[in-house]
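Here is the structure we will look at.
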Amino acid sequence: MQRVIGESKRSFVTGNEAAAWACMAAGADIMFGYPITPQNEIMHYWTRIAPQFEREFLQTEDELSAGFTVCGAVQSGKKAFTATAGPGNVLMQEPFGMAEAMRLPIVGIIQQRGGPSSGTVIYSQQEVTLTTFGGNGEGHRIVYSTATHQEIYDYIVKGFNVAWKHRFPVFILGDGYQAKMREPLEMYDPQDKGIEMVEPYPLLGLGGKIGTDREPSHLCNIYSLEEELYEVVLKFAAEYEALAPQIIEYEERECDQSDIIILAHGVVSRAADDAVKALRAQGIKAGYFRPITLRPFPQQQLRDAIARSGAKKMLIAESAYGQFDRLVKQEIYGETISIENLFMPGVGIIENDIINKVKSIL
Amino acid sequence: MATPTVPKSWYLPTKPHKFCPGCGHGIVLKALGEVIDEMGIQDQTIFGCDIGCSLLSWNFFACDSTQTHHGRTTPVMTGIKRARPELLCIGYMGDGGGYSIGSQHLLNAAVRNEKLTLVLVNNTNYGMTGGQMAPTTLPGQKTETSPFGRNPEQTGYPTMGPEFIAQLTPDSAYVARGTVSKYKQLKKYLRSALRNQMEGNGFSFVEVLSTCPTNWRTNASQTWNFLEDEMEKYFPVGELKTPFGKGEK
Amino acid sequence: MHTDDITLEIVCSGGVSFTKELQARIAEAYIGEYASGKSELSINRALELRKQGRRVNLVDLDTVEPFYTLRPIKKMLEEQGLNVIAFSKEDTFGLGETGAMLNPQARWALLNEGDVILDIGYGVYGAQTLNLVEGIDQTPELKVLVVLNASRPLTNSPARIKGYLSELGRVDGIVANTHMGDDTTIDIISAGNQMIIETAREMQIPVKYFAVDKKFEGLMPTEQLNVPVKYIQRYMPMAIW
């Protein structure tokens with residue numbers, strides 16, 4: 001593995017820069033992208049540092065093209081990625097669907113902005129449904145919802161490995177605040193942390209003499225009969241479900257013997273964590289649960305936490321109007337804990353928002 | 001009687017192919033196969049096909065091949081070529097995929113002078129979906145979505161693909177329009193288009209006028225007449241741009 | 001930095017003489033890497049001058065980045081007596097990706113009476129962004145100051161700093177602003193600034209001052225390596241949340 005960072009050092013960066021450096025350190029060969037706020041600096045920094053490490057970049061004509069070029073590049077055996085947001089993420093659901101169907105190891109970084117439509121260029125958590133279950137497929141994707149710059153870096157490195165090892169598309173779900181915030185993180189070359197990077201391999205352009213050494217590789221993405229597709233989707237579903245326990249990640253704090261569990265993901269979980277500490281200090285027994293993987297979802301772990309806690313209530317806080325809430329409810333169907341909401345679509349949620357809400361419902 | 005020969009680069013387990021009798025795709029793919037054989041590039045060729053009737057070619061060649069969505073062959077092949085420049089990438093598509101749903105990709109790949117060879121088969125309609133109007137449907141031509149004949153006042157005139165691509169590309173691009181009625185000429189155009197990519201010059205584009213008797217509802221002689229008398233009159237056949245002006249004549 | 005210093009330097013650098021008004025005016029442009037602290041230092045400098053009873057214009061010339069600009073805190077800064085030339089949040093209603101908008105008043109900022117502090121956004125054009133401002137050539141008192149944070153990845157080694165500075169275009173001085181956000185320590189500041197000052201010396205670019213977070217006041221020597229230390233208050237966190 002080519003060294004990018006050298007001696008691991010702490011740096012003061014924005015989330016977008018963290019993403020660009022992480023892709024570089026993870027050994028990504030090529031980025032395809034199309035400008036959209038708030039992810040632009042990923043492209044800015046990738047293009048600034050790529051020549052130094054002999055990496056490639058193409059600015060495509062739109063997000064459809066960015067997504068499909070990534071699909072082509074990974075078929076040829078190169079680590080490729082893209083980054084987008086909002087309406088760009090909508091367009092990219094078409095190529096992301098192809099990646100799901102052909103099991104292509106693509107990596108997409110999503111910096112959520114406000115919606116619907118063009119919304120705002122700033123921030124939201126309104127791309128949860130799109131990123132987890134977008135397209136006309138079954139959500140056979142892996143989605144990491146990050147909360148800090150360190151996590152953006154770590155999960156991008158991990159994401160490339162998960163994508164190439166298991167061949168499910170991987171998405172890093174950030175947001176405009178994480179993209180633009182400045183905070184310290186440790187940048188490192190994966191090998192220095194004992195992380196072995198999975199080598200990419202081609203699905204096309206396999207070398208050798210066709211007919212003599214091998215058969216041609218014909219990659220299929222469309223089926224004639226219902227039964228053919230049925231077999232494929234069932235196989236993917238079985239593989240996805242078998243893999244899920246290895247992939248699922250979450251954080252849980254103070255759930256045991258709590259009166260209320262606060263559930264949040266992404267950057268909002270930082271506020272939730274602070275809120276729980278503050279509430280505990282005030283004698284209110286609050287717990288914290290945060291799925292890091294939104295797909296696959298830590299549903300059993302959440303059910304266990306609810307059971308252990310004895311809590312009567314759960315508060316779901318998100319910068320969207322119920323996208324995370326729906327995801328949680330479908331995952332823990334059958335639980336009888338009462339669920340309250342703090343929906344603040346497109347705006348940030350701070351500790352006090354959560355504290356006030358908790359006090360109003362307990 | 002001589003046994004009909006097939007190109008070595010055809011993938012025999014998928015033959016006979018499934019194109020309709022009288023369809024021009026078989027001729028285009030035979031010409032392409034022979035050119036691949038003659039140039040000895042089978043093992044380094046990546047064949048990508050669009051959705052539409054061109055999809056029936058997905059496992060046609062004994063070359064590494066891939067499928068994608070309707071209109072997206074150009075970016076998929078761009079991705080492969082950018083990631084692995086040593087591979088020879090052929091994108092194969094119809095007029096709907098290239099000139100309509102994927103027109104932004106075609107246009108921008110041409111502008112960027114991507115080192116690709118794109119072959120676009122023009123049969124004046126959407127064949128696979130049942131014969132709807134295409135960007136290339138001729139004025140007055142009946143299709144399932146222009147039941148009274150295409151009215152240019154309402155739906156514009158046929159897209160002149162090679163003409164607009166020639167305007168967009170630099171001198172190092174190759175742009176031609178061939179026809180399945182002139183087989184040797186077609187092979188020459190395909191050869192030039194592949195050579196242009198191999199030499200790393202630039203974008204190479206060949207539109208091929210082709211036949212669709214199934215959706216035209218024509219017999220053999222009517223089919224050929226429509227091709228030679230109607231289509232070739234509207235869409236001039238020839239090379240529009242040869243690399244550095246020195247293409248084969 | 002006093003106005004006399006400015007006059008003295010200008011005379012030294014070319015023997016050019018200016019009118020009293022020009023000598024009296026301070027004009028500084030803060031340029032630098034993305035997230036290096038340009039806006040923060042521009043604000044602090046403008047308020048410092050304001051506290052001396054001067055008339056001060058603070059100009060937002062960030063054309064790339066709609067976040068972390070002066071827009072959200074414009075009113076607060078105006079209440080402290082600055083003339084802030086920037087769009088306010090209300091001005092950009094309905095505009096979405098407003099990063100590339102240049103406020104027409106910013107173009108003519110140098111014609112304003114009083115000191116002018118220019119906050120220049122990042123970008124590959126570096127100091128060339130100053131071309132957007134009318135009258136740059138007729139403003140010899142203008143100093144182009146580059147803000148450097150040695151904790152930023154592209155300015156974290158002498159080689160990278162040199163590479164970065166050499167691409168910037170005109171630079172009259174450096175402000176060393178090494179920090180690590182909430183994790184800043186005196187060691188981080190000292191080590192980073194030491195590197196900056198050594199590199200600057202090699203490149204013969206003067207280091208004008210060290211910018212250090214107020215919370216370290218009293219914990220640092222007031223002058224390090226013959227460079228004055230200015231304690232700054234962080235306003236920009238208010239510009240996002």
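Chain identifiers are assigned as A, B, and so on, following the order in which chains appear in the structure tokens; residues are numbered from 1 within each chain, and ligands are numbered from 1 in order of appearance.
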(request) Output as a PyMOL selection string all residues of stretch 4-158 of chain B that backbone DSSP marks as strand (DSSP E). (result) chain B and resi 45-49+64-67+88-94+117-122+125-126+132-133
(request) Might you pull out every residue within 10 Å of stretch 187-189 of chain C, with only C-alpha atoms counted and same-chain residues fewer than 2 positions away left off, and present them as a VMD selection string? (result) chain C and resid 149 to 151 176 to 180 183 to 185 191 to 194 210 to 213 220
Quick one: which stretch 173-274 of chain A residues come within 10 Å of stretch 66-90 of chain C, and what is the nearest atom pair for each with the distance in Å to one decimal, counting only C-alpha atoms, rows ordered by chain and ascending number, as a tab-separated table?
```
residue	atom	partner	partner_atom	distance
A:Gly176	CA	C:Phe67	CA	9.3
A:Tyr177	CA	C:Phe67	CA	9.2
A:Lys180	CA	C:Phe67	CA	7.2
A:Met181	CA	C:Tyr68	CA	8.8
```
(request) Select all residues from chain A having any atom no more than 8 Å from an atom of chain B (counting only C-alpha atoms, ignoring ligands), output as a PyMOL selection string. (result) chain A and resi 29-30+56+61+65-66+68-76+78+98+204-211+215-222
Keeping N, CA and C atoms, export the residues of the selection given above as an mmCIF file, in the first residue's frame.
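Wrote it out as again_13.cif, contents follow:
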```cif
data_model
loop_
_atom_site.group_PDB
_atom_site.id
_atom_site.type_symbol
_atom_site.label_atom_id
_atom_site.label_comp_id
_atom_site.auth_asym_id
_atom_site.auth_seq_id
_atom_site.Cartn_x
_atom_site.Cartn_y
_atom_site.Cartn_z
ATOM 1 N N ASP A 29 -8.420 4.657 -6.337
ATOM 2 C CA ASP A 29 -7.680 4.970 -7.553
ATOM 3 C C ASP A 29 -8.248 6.168 -8.292
ATOM 4 N N ILE A 30 -9.575 6.303 -8.224
ATOM 5 C CA ILE A 30 -10.191 7.333 -9.066
ATOM 6 C C ILE A 30 -11.491 7.823 -8.443
ATOM 7 N N GLU A 56 -6.578 9.458 -10.006
ATOM 8 C CA GLU A 56 -7.280 10.093 -11.118
ATOM 9 C C GLU A 56 -8.582 10.738 -10.664
ATOM 10 N N GLU A 61 -20.584 14.981 -16.438
ATOM 11 C CA GLU A 61 -21.587 15.954 -16.865
ATOM 12 C C GLU A 61 -22.754 16.055 -15.891
ATOM 13 N N SER A 65 -23.978 10.342 -14.549
ATOM 14 C CA SER A 65 -22.709 9.954 -15.152
ATOM 15 C C SER A 65 -21.661 9.654 -14.081
ATOM 16 N N ALA A 66 -21.630 10.465 -13.029
ATOM 17 C CA ALA A 66 -20.659 10.222 -11.959
ATOM 18 C C ALA A 66 -20.878 8.835 -11.363
ATOM 19 N N PHE A 68 -22.470 6.207 -12.763
ATOM 20 C CA PHE A 68 -22.228 5.118 -13.722
ATOM 21 C C PHE A 68 -20.746 4.968 -14.076
ATOM 22 N N THR A 69 -20.003 6.067 -14.100
ATOM 23 C CA THR A 69 -18.566 5.928 -14.340
ATOM 24 C C THR A 69 -17.910 5.176 -13.182
ATOM 25 N N VAL A 70 -18.387 5.438 -11.968
ATOM 26 C CA VAL A 70 -17.868 4.685 -10.820
ATOM 27 C C VAL A 70 -18.170 3.193 -11.002
ATOM 28 N N CYS A 71 -19.397 2.895 -11.456
ATOM 29 C CA CYS A 71 -19.758 1.485 -11.699
ATOM 30 C C CYS A 71 -18.824 0.858 -12.733
ATOM 31 N N GLY A 72 -18.521 1.600 -13.802
ATOM 32 C CA GLY A 72 -17.615 1.083 -14.828
ATOM 33 C C GLY A 72 -16.212 0.868 -14.291
ATOM 34 N N ALA A 73 -15.735 1.853 -13.535
ATOM 35 C CA ALA A 73 -14.358 1.779 -13.039
ATOM 36 C C ALA A 73 -14.163 0.601 -12.081
ATOM 37 N N VAL A 74 -15.143 0.351 -11.210
ATOM 38 C CA VAL A 74 -14.970 -0.780 -10.290
ATOM 39 C C VAL A 74 -15.068 -2.104 -11.046
ATOM 40 N N GLN A 75 -15.861 -2.151 -12.112
ATOM 41 C CA GLN A 75 -15.899 -3.374 -12.928
ATOM 42 C C GLN A 75 -14.529 -3.662 -13.522
ATOM 43 N N SER A 76 -13.800 -2.600 -13.824
ATOM 44 C CA SER A 76 -12.476 -2.796 -14.422
ATOM 45 C C SER A 76 -11.429 -3.117 -13.362
ATOM 46 N N LYS A 78 -10.736 -1.245 -10.367
ATOM 47 C CA LYS A 78 -10.116 -0.123 -9.661
ATOM 48 C C LYS A 78 -11.031 0.350 -8.542
ATOM 49 N N MET A 98 -27.878 0.083 -9.907
ATOM 50 C CA MET A 98 -27.105 -0.852 -10.727
ATOM 51 C C MET A 98 -26.009 -1.514 -9.882
ATOM 52 N N LEU A 204 -13.961 -7.394 -15.396
ATOM 53 C CA LEU A 204 -13.823 -7.288 -16.851
ATOM 54 C C LEU A 204 -12.361 -7.005 -17.147
ATOM 55 N N GLY A 205 -11.939 -7.301 -18.372
ATOM 56 C CA GLY A 205 -10.538 -7.034 -18.698
ATOM 57 C C GLY A 205 -9.649 -7.943 -17.875
ATOM 58 N N LEU A 206 -9.978 -9.257 -17.904
ATOM 59 C CA LEU A 206 -9.331 -10.205 -16.989
ATOM 60 C C LEU A 206 -7.979 -10.693 -17.485
ATOM 61 N N GLY A 207 -7.617 -10.312 -18.690
ATOM 62 C CA GLY A 207 -6.329 -10.766 -19.219
ATOM 63 C C GLY A 207 -6.424 -12.181 -19.753
ATOM 64 N N GLY A 208 -5.329 -12.662 -20.290
ATOM 65 C CA GLY A 208 -5.312 -14.015 -20.849
ATOM 66 C C GLY A 208 -6.002 -14.060 -22.200
ATOM 67 N N LYS A 209 -5.946 -15.236 -22.794
ATOM 68 C CA LYS A 209 -6.521 -15.391 -24.126
ATOM 69 C C LYS A 209 -7.900 -16.030 -24.003
ATOM 70 N N ILE A 210 -8.887 -15.301 -24.468
ATOM 71 C CA ILE A 210 -10.255 -15.794 -24.361
ATOM 72 C C ILE A 210 -10.434 -16.975 -25.310
ATOM 73 N N GLY A 211 -11.075 -18.033 -24.825
ATOM 74 C CA GLY A 211 -11.263 -19.224 -25.648
ATOM 75 C C GLY A 211 -10.176 -20.251 -25.398
ATOM 76 N N GLU A 215 -13.031 -18.427 -20.440
ATOM 77 C CA GLU A 215 -14.251 -17.999 -21.112
ATOM 78 C C GLU A 215 -14.364 -16.476 -20.994
ATOM 79 N N PRO A 216 -15.119 -15.849 -21.873
ATOM 80 C CA PRO A 216 -15.315 -14.403 -21.701
ATOM 81 C C PRO A 216 -16.151 -14.122 -20.459
ATOM 82 N N SER A 217 -15.946 -12.951 -19.869
ATOM 83 C CA SER A 217 -16.765 -12.528 -18.734
ATOM 84 C C SER A 217 -17.940 -11.723 -19.271
ATOM 85 N N HIS A 218 -19.141 -12.237 -19.109
ATOM 86 C CA HIS A 218 -20.340 -11.514 -19.541
ATOM 87 C C HIS A 218 -21.129 -11.108 -18.305
ATOM 88 N N LEU A 219 -21.097 -9.832 -17.980
ATOM 89 C CA LEU A 219 -21.785 -9.370 -16.770
ATOM 90 C C LEU A 219 -23.235 -9.037 -17.095
ATOM 91 N N CYS A 220 -24.137 -9.591 -16.293
ATOM 92 C CA CYS A 220 -25.563 -9.458 -16.576
ATOM 93 C C CYS A 220 -26.235 -8.544 -15.560
ATOM 94 N N ASN A 221 -27.166 -7.756 -16.023
ATOM 95 C CA ASN A 221 -27.871 -6.830 -15.135
ATOM 96 C C ASN A 221 -29.371 -6.799 -15.396
ATOM 97 N N ILE A 222 -29.837 -7.613 -16.310
ATOM 98 C CA ILE A 222 -31.281 -7.617 -16.597
ATOM 99 C C ILE A 222 -31.668 -9.057 -16.918
#
```
(request) For stretch 109-115 of chain A, please output as a PyMOL selection string all residues within 6 Å (counting only C-alpha atoms; exclusion window: fewer than 5 positions along the same chain). (result) chain A and resi 39+83-86+120-124+171-176+346
Prev. selection, C-alpha atoms, output as a PDB file, in the first residue's frame:
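Output below, filename again02.pdb:
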```
ATOM      1  CA  GLN A  39     -19.705  18.114  -0.732  1.00  0.00           C
ATOM      2  CA  ALA A  83     -19.599  12.083  -3.404  1.00  0.00           C
ATOM      3  CA  THR A  84     -22.891  13.912  -3.609  1.00  0.00           C
ATOM      4  CA  ALA A  85     -25.840  15.414  -1.772  1.00  0.00           C
ATOM      5  CA  GLY A  86     -29.559  16.133  -2.048  1.00  0.00           C
ATOM      6  CA  THR A 120     -31.092  24.146   1.301  1.00  0.00           C
ATOM      7  CA  VAL A 121     -27.401  23.739   0.630  1.00  0.00           C
ATOM      8  CA  ILE A 122     -26.667  23.569   4.333  1.00  0.00           C
ATOM      9  CA  TYR A 123     -27.736  20.598   6.394  1.00  0.00           C
ATOM     10  CA  SER A 124     -30.327  17.965   7.169  1.00  0.00           C
ATOM     11  CA  PHE A 171     -22.338   4.680   1.687  1.00  0.00           C
ATOM     12  CA  ILE A 172     -20.894   7.067   4.200  1.00  0.00           C
ATOM     13  CA  LEU A 173     -23.818   9.197   5.310  1.00  0.00           C
ATOM     14  CA  GLY A 174     -22.620  12.551   6.578  1.00  0.00           C
ATOM     15  CA  ASP A 175     -24.291  15.935   6.388  1.00  0.00           C
ATOM     16  CA  GLY A 176     -23.518  19.544   5.591  1.00  0.00           C
ATOM     17  CA  GLY A 346     -33.326  20.611   7.942  1.00  0.00           C
TER      18      GLY A 346
END
```
(request) Find the spatial neighbours of B:Asn125, counting only C-alpha atoms, within a cut-off of 9 Å - ignore same-chain residues fewer than 5 positions away - and output them as a PyMOL selection string. (result) chain B and resi 95-96+130-137+143+212+215-216
Show which residues sit within 12 Å of B:Ser210, as a short mmCIF file (atom, residue, chain, number, x, y, z; two decimals) with C-alpha atoms, in the first residue's frame. Count only C-alpha atoms, and ignore same-chain residues fewer than 4 positions away.
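As a result, around.cif now contains:
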```cif
data_model
loop_
_atom_site.label_atom_id
_atom_site.label_comp_id
_atom_site.auth_asym_id
_atom_site.auth_seq_id
_atom_site.Cartn_x
_atom_site.Cartn_y
_atom_site.Cartn_z
CA GLY B 22 -34.15 -9.06 -41.29
CA CYS B 23 -32.87 -6.98 -38.38
CA GLY B 24 -29.76 -4.98 -39.21
CA HIS B 25 -28.09 -5.58 -35.83
CA GLY B 26 -26.77 -8.95 -37.00
CA ILE B 27 -25.00 -7.28 -39.92
CA VAL B 28 -23.48 -4.56 -37.73
CA LEU B 29 -22.28 -7.11 -35.20
CA CYS B 53 -32.56 -4.16 -28.90
CA SER B 54 -28.81 -3.61 -28.59
CA GLY B 94 -29.53 2.40 -30.21
CA ASP B 95 -30.80 5.80 -31.30
CA VAL B 119 -21.45 2.44 -32.26
CA LEU B 120 -25.02 3.70 -32.48
CA VAL B 121 -27.56 1.75 -34.48
CA ASN B 122 -30.25 3.95 -36.03
CA ASN B 123 -33.41 2.08 -37.03
CA THR B 124 -35.76 5.08 -36.64
CA ASN B 125 -37.74 3.62 -33.75
CA GLY B 127 -37.71 -1.57 -31.28
CA THR B 136 -34.52 9.49 -35.55
CA ARG B 177 -22.31 7.38 -40.61
CA GLY B 178 -22.43 3.97 -42.26
CA THR B 179 -25.25 1.73 -43.34
CA VAL B 180 -25.89 -1.99 -43.30
CA SER B 181 -26.52 -1.73 -47.06
CA LYS B 182 -22.82 -0.97 -47.68
CA TYR B 183 -21.04 -3.70 -45.76
CA LEU B 186 -19.25 -0.08 -42.77
CA TRP B 216 -41.77 -1.20 -39.75
CA THR B 223 -37.36 -3.04 -45.82
CA TRP B 224 -34.44 -2.52 -48.13
CA ASN B 225 -36.25 0.22 -50.00
CA PHE B 226 -36.98 2.12 -46.79
CA LEU B 227 -33.33 1.87 -45.82
CA GLU B 228 -31.87 2.91 -49.15
CA GLU B 230 -35.87 6.96 -47.30
CA MET B 231 -33.23 6.73 -44.60
CA GLU B 232 -30.08 7.15 -46.65
CA PHE B 235 -29.22 10.75 -43.25
CA VAL B 237 -23.75 8.28 -45.35
#
```
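Each of B:Gln154, B:Thr3, B:Ser192, B:Ser57 was checked against B:Ala176 using only C-alpha atoms; the smallest atom-to-atom distance is that of B:Ser192.
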Please identify the helix (DSSP H, G or I) residues within stretch 31-88 of chain C (assignment by DSSP from backbone atoms) and present them as a short mmCIF file (atom, residue, chain, number, x, y, z; two decimals) with C-alpha atoms, in the first residue's frame.
```
data_model
loop_
_atom_site.label_atom_id
_atom_site.label_comp_id
_atom_site.auth_asym_id
_atom_site.auth_seq_id
_atom_site.Cartn_x
_atom_site.Cartn_y
_atom_site.Cartn_z
CA LYS C 38 -8.99 33.99 7.70
CA SER C 39 -12.43 35.15 8.76
CA GLU C 40 -11.63 34.78 12.43
CA LEU C 41 -8.50 36.88 12.16
CA SER C 42 -10.20 39.45 9.94
CA ILE C 43 -12.91 39.93 12.53
CA ASN C 44 -10.46 40.14 15.41
CA ARG C 45 -8.28 42.61 13.55
CA ALA C 46 -11.25 44.77 12.59
CA LEU C 47 -12.52 44.85 16.16
CA GLU C 48 -9.04 45.60 17.48
CA LEU C 49 -8.82 48.65 15.22
CA ARG C 50 -12.36 49.65 16.12
CA LYS C 51 -11.47 49.60 19.80
CA ARG C 71 -23.17 36.54 6.89
CA PRO C 72 -24.72 34.95 9.98
CA ILE C 73 -22.87 37.26 12.38
CA LYS C 74 -23.06 40.44 10.33
CA LYS C 75 -25.55 42.16 12.66
CA MET C 76 -23.57 41.31 15.77
CA LEU C 77 -20.43 42.78 14.22
CA GLU C 78 -22.27 45.90 13.10
CA GLU C 79 -23.50 46.40 16.64
#
```
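For A:Val232, the set of protein, DNA and RNA residues having any atom at most 12 Å away, when counting only C-alpha atoms and skipping those fewer than 4 positions along the same chain, is Glu100, Ala101, Met102, Arg103, Gly137, Glu138, Cys220, Asn221, Ile222, Tyr223, Leu225, Glu226, Glu227, Glu228, Phe236, Ala237, Ala238 and Glu239 of chain A.
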(request) For A:Leu279, list every protein, DNA or RNA residue within 12 Å, evaluated using only C-alpha atoms, and leave out those in the same chain fewer than 4 positions away; present the list as a ChimeraX atom specification. (result) /A:254,258-262,271-275,283-288,351-352,354-359,362
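Among the candidate residues C:Leu58, C:Val144, C:Val175, C:Ile136, the one lying nearest to C:Glu113 is C:Leu58, with distances computed using only C-alpha atoms.
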Per residue of chain A within 10 Å of chain C, note the shortest atom pair and the distance in Å to one decimal, counting only C-alpha atoms, and order the rows by chain and increasing residue number, as JSON lines.
```
{"residue": "A:Ile5", "atom": "CA", "partner": "C:Pro153", "partner_atom": "CA", "distance": 9.3}
{"residue": "A:Lys9", "atom": "CA", "partner": "C:Ser151", "partner_atom": "CA", "distance": 9.0}
{"residue": "A:Arg10", "atom": "CA", "partner": "C:Ser151", "partner_atom": "CA", "distance": 7.3}
{"residue": "A:Ser11", "atom": "CA", "partner": "C:Ser151", "partner_atom": "CA", "distance": 4.9}
{"residue": "A:Phe12", "atom": "CA", "partner": "C:Arg152", "partner_atom": "CA", "distance": 5.3}
{"residue": "A:Val13", "atom": "CA", "partner": "C:Arg152", "partner_atom": "CA", "distance": 6.2}
{"residue": "A:Thr14", "atom": "CA", "partner": "C:Ala35", "partner_atom": "CA", "distance": 7.3}
{"residue": "A:Glu17", "atom": "CA", "partner": "C:Pro153", "partner_atom": "CA", "distance": 8.9}
{"residue": "A:Ala18", "atom": "CA", "partner": "C:Pro153", "partner_atom": "CA", "distance": 9.6}
{"residue": "A:Trp21", "atom": "CA", "partner": "C:Pro153", "partner_atom": "CA", "distance": 9.1}
{"residue": "A:Ile36", "atom": "CA", "partner": "C:Glu97", "partner_atom": "CA", "distance": 8.5}
{"residue": "A:Thr37", "atom": "CA", "partner": "C:Glu97", "partner_atom": "CA", "distance": 6.8}
{"residue": "A:Pro38", "atom": "CA", "partner": "C:Glu97", "partner_atom": "CA", "distance": 8.9}
{"residue": "A:Asn40", "atom": "CA", "partner": "C:Glu65", "partner_atom": "CA", "distance": 9.5}
{"residue": "A:Glu41", "atom": "CA", "partner": "C:Tyr34", "partner_atom": "CA", "distance": 9.3}
{"residue": "A:His44", "atom": "CA", "partner": "C:Gly123", "partner_atom": "CA", "distance": 8.8}
{"residue": "A:Tyr45", "atom": "CA", "partner": "C:Leu154", "partner_atom": "CA", "distance": 9.6}
{"residue": "A:Arg48", "atom": "CA", "partner": "C:Val124", "partner_atom": "CA", "distance": 9.1}
{"residue": "A:Ile49", "atom": "CA", "partner": "C:Leu154", "partner_atom": "CA", "distance": 9.0}
{"residue": "A:Ser118", "atom": "CA", "partner": "C:Gly96", "partner_atom": "CA", "distance": 7.9}
{"residue": "A:Gly119", "atom": "CA", "partner": "C:Gly96", "partner_atom": "CA", "distance": 7.8}
{"residue": "A:Thr120", "atom": "CA", "partner": "C:Gly96", "partner_atom": "CA", "distance": 5.8}
{"residue": "A:Val121", "atom": "CA", "partner": "C:Gly96", "partner_atom": "CA", "distance": 5.8}
{"residue": "A:Ile122", "atom": "CA", "partner": "C:Phe67", "partner_atom": "CA", "distance": 7.7}
{"residue": "A:Gly176", "atom": "CA", "partner": "C:Phe67", "partner_atom": "CA", "distance": 9.3}
{"residue": "A:Tyr177", "atom": "CA", "partner": "C:Ile240", "partner_atom": "CA", "distance": 8.0}
{"residue": "A:Lys180", "atom": "CA", "partner": "C:Phe67", "partner_atom": "CA", "distance": 7.2}
{"residue": "A:Met181", "atom": "CA", "partner": "C:Ile240", "partner_atom": "CA", "distance": 8.2}
{"residue": "A:Arg182", "atom": "CA", "partner": "C:Ala35", "partner_atom": "CA", "distance": 7.2}
{"residue": "A:Glu183", "atom": "CA", "partner": "C:Gly181", "partner_atom": "CA", "distance": 5.8}
{"residue": "A:Pro184", "atom": "CA", "partner": "C:Met180", "partner_atom": "CA", "distance": 5.8}
{"residue": "A:Leu185", "atom": "CA", "partner": "C:Met180", "partner_atom": "CA", "distance": 9.1}
{"residue": "A:Met187", "atom": "CA", "partner": "C:Pro153", "partner_atom": "CA", "distance": 9.2}
{"residue": "A:Val347", "atom": "CA", "partner": "C:Trp241", "partner_atom": "CA", "distance": 9.2}
{"residue": "A:Gly348", "atom": "CA", "partner": "C:Trp241", "partner_atom": "CA", "distance": 7.1}
{"residue": "A:Ile349", "atom": "CA", "partner": "C:Trp241", "partner_atom": "CA", "distance": 9.2}
{"residue": "A:Ile350", "atom": "CA", "partner": "C:Trp241", "partner_atom": "CA", "distance": 8.9}
```
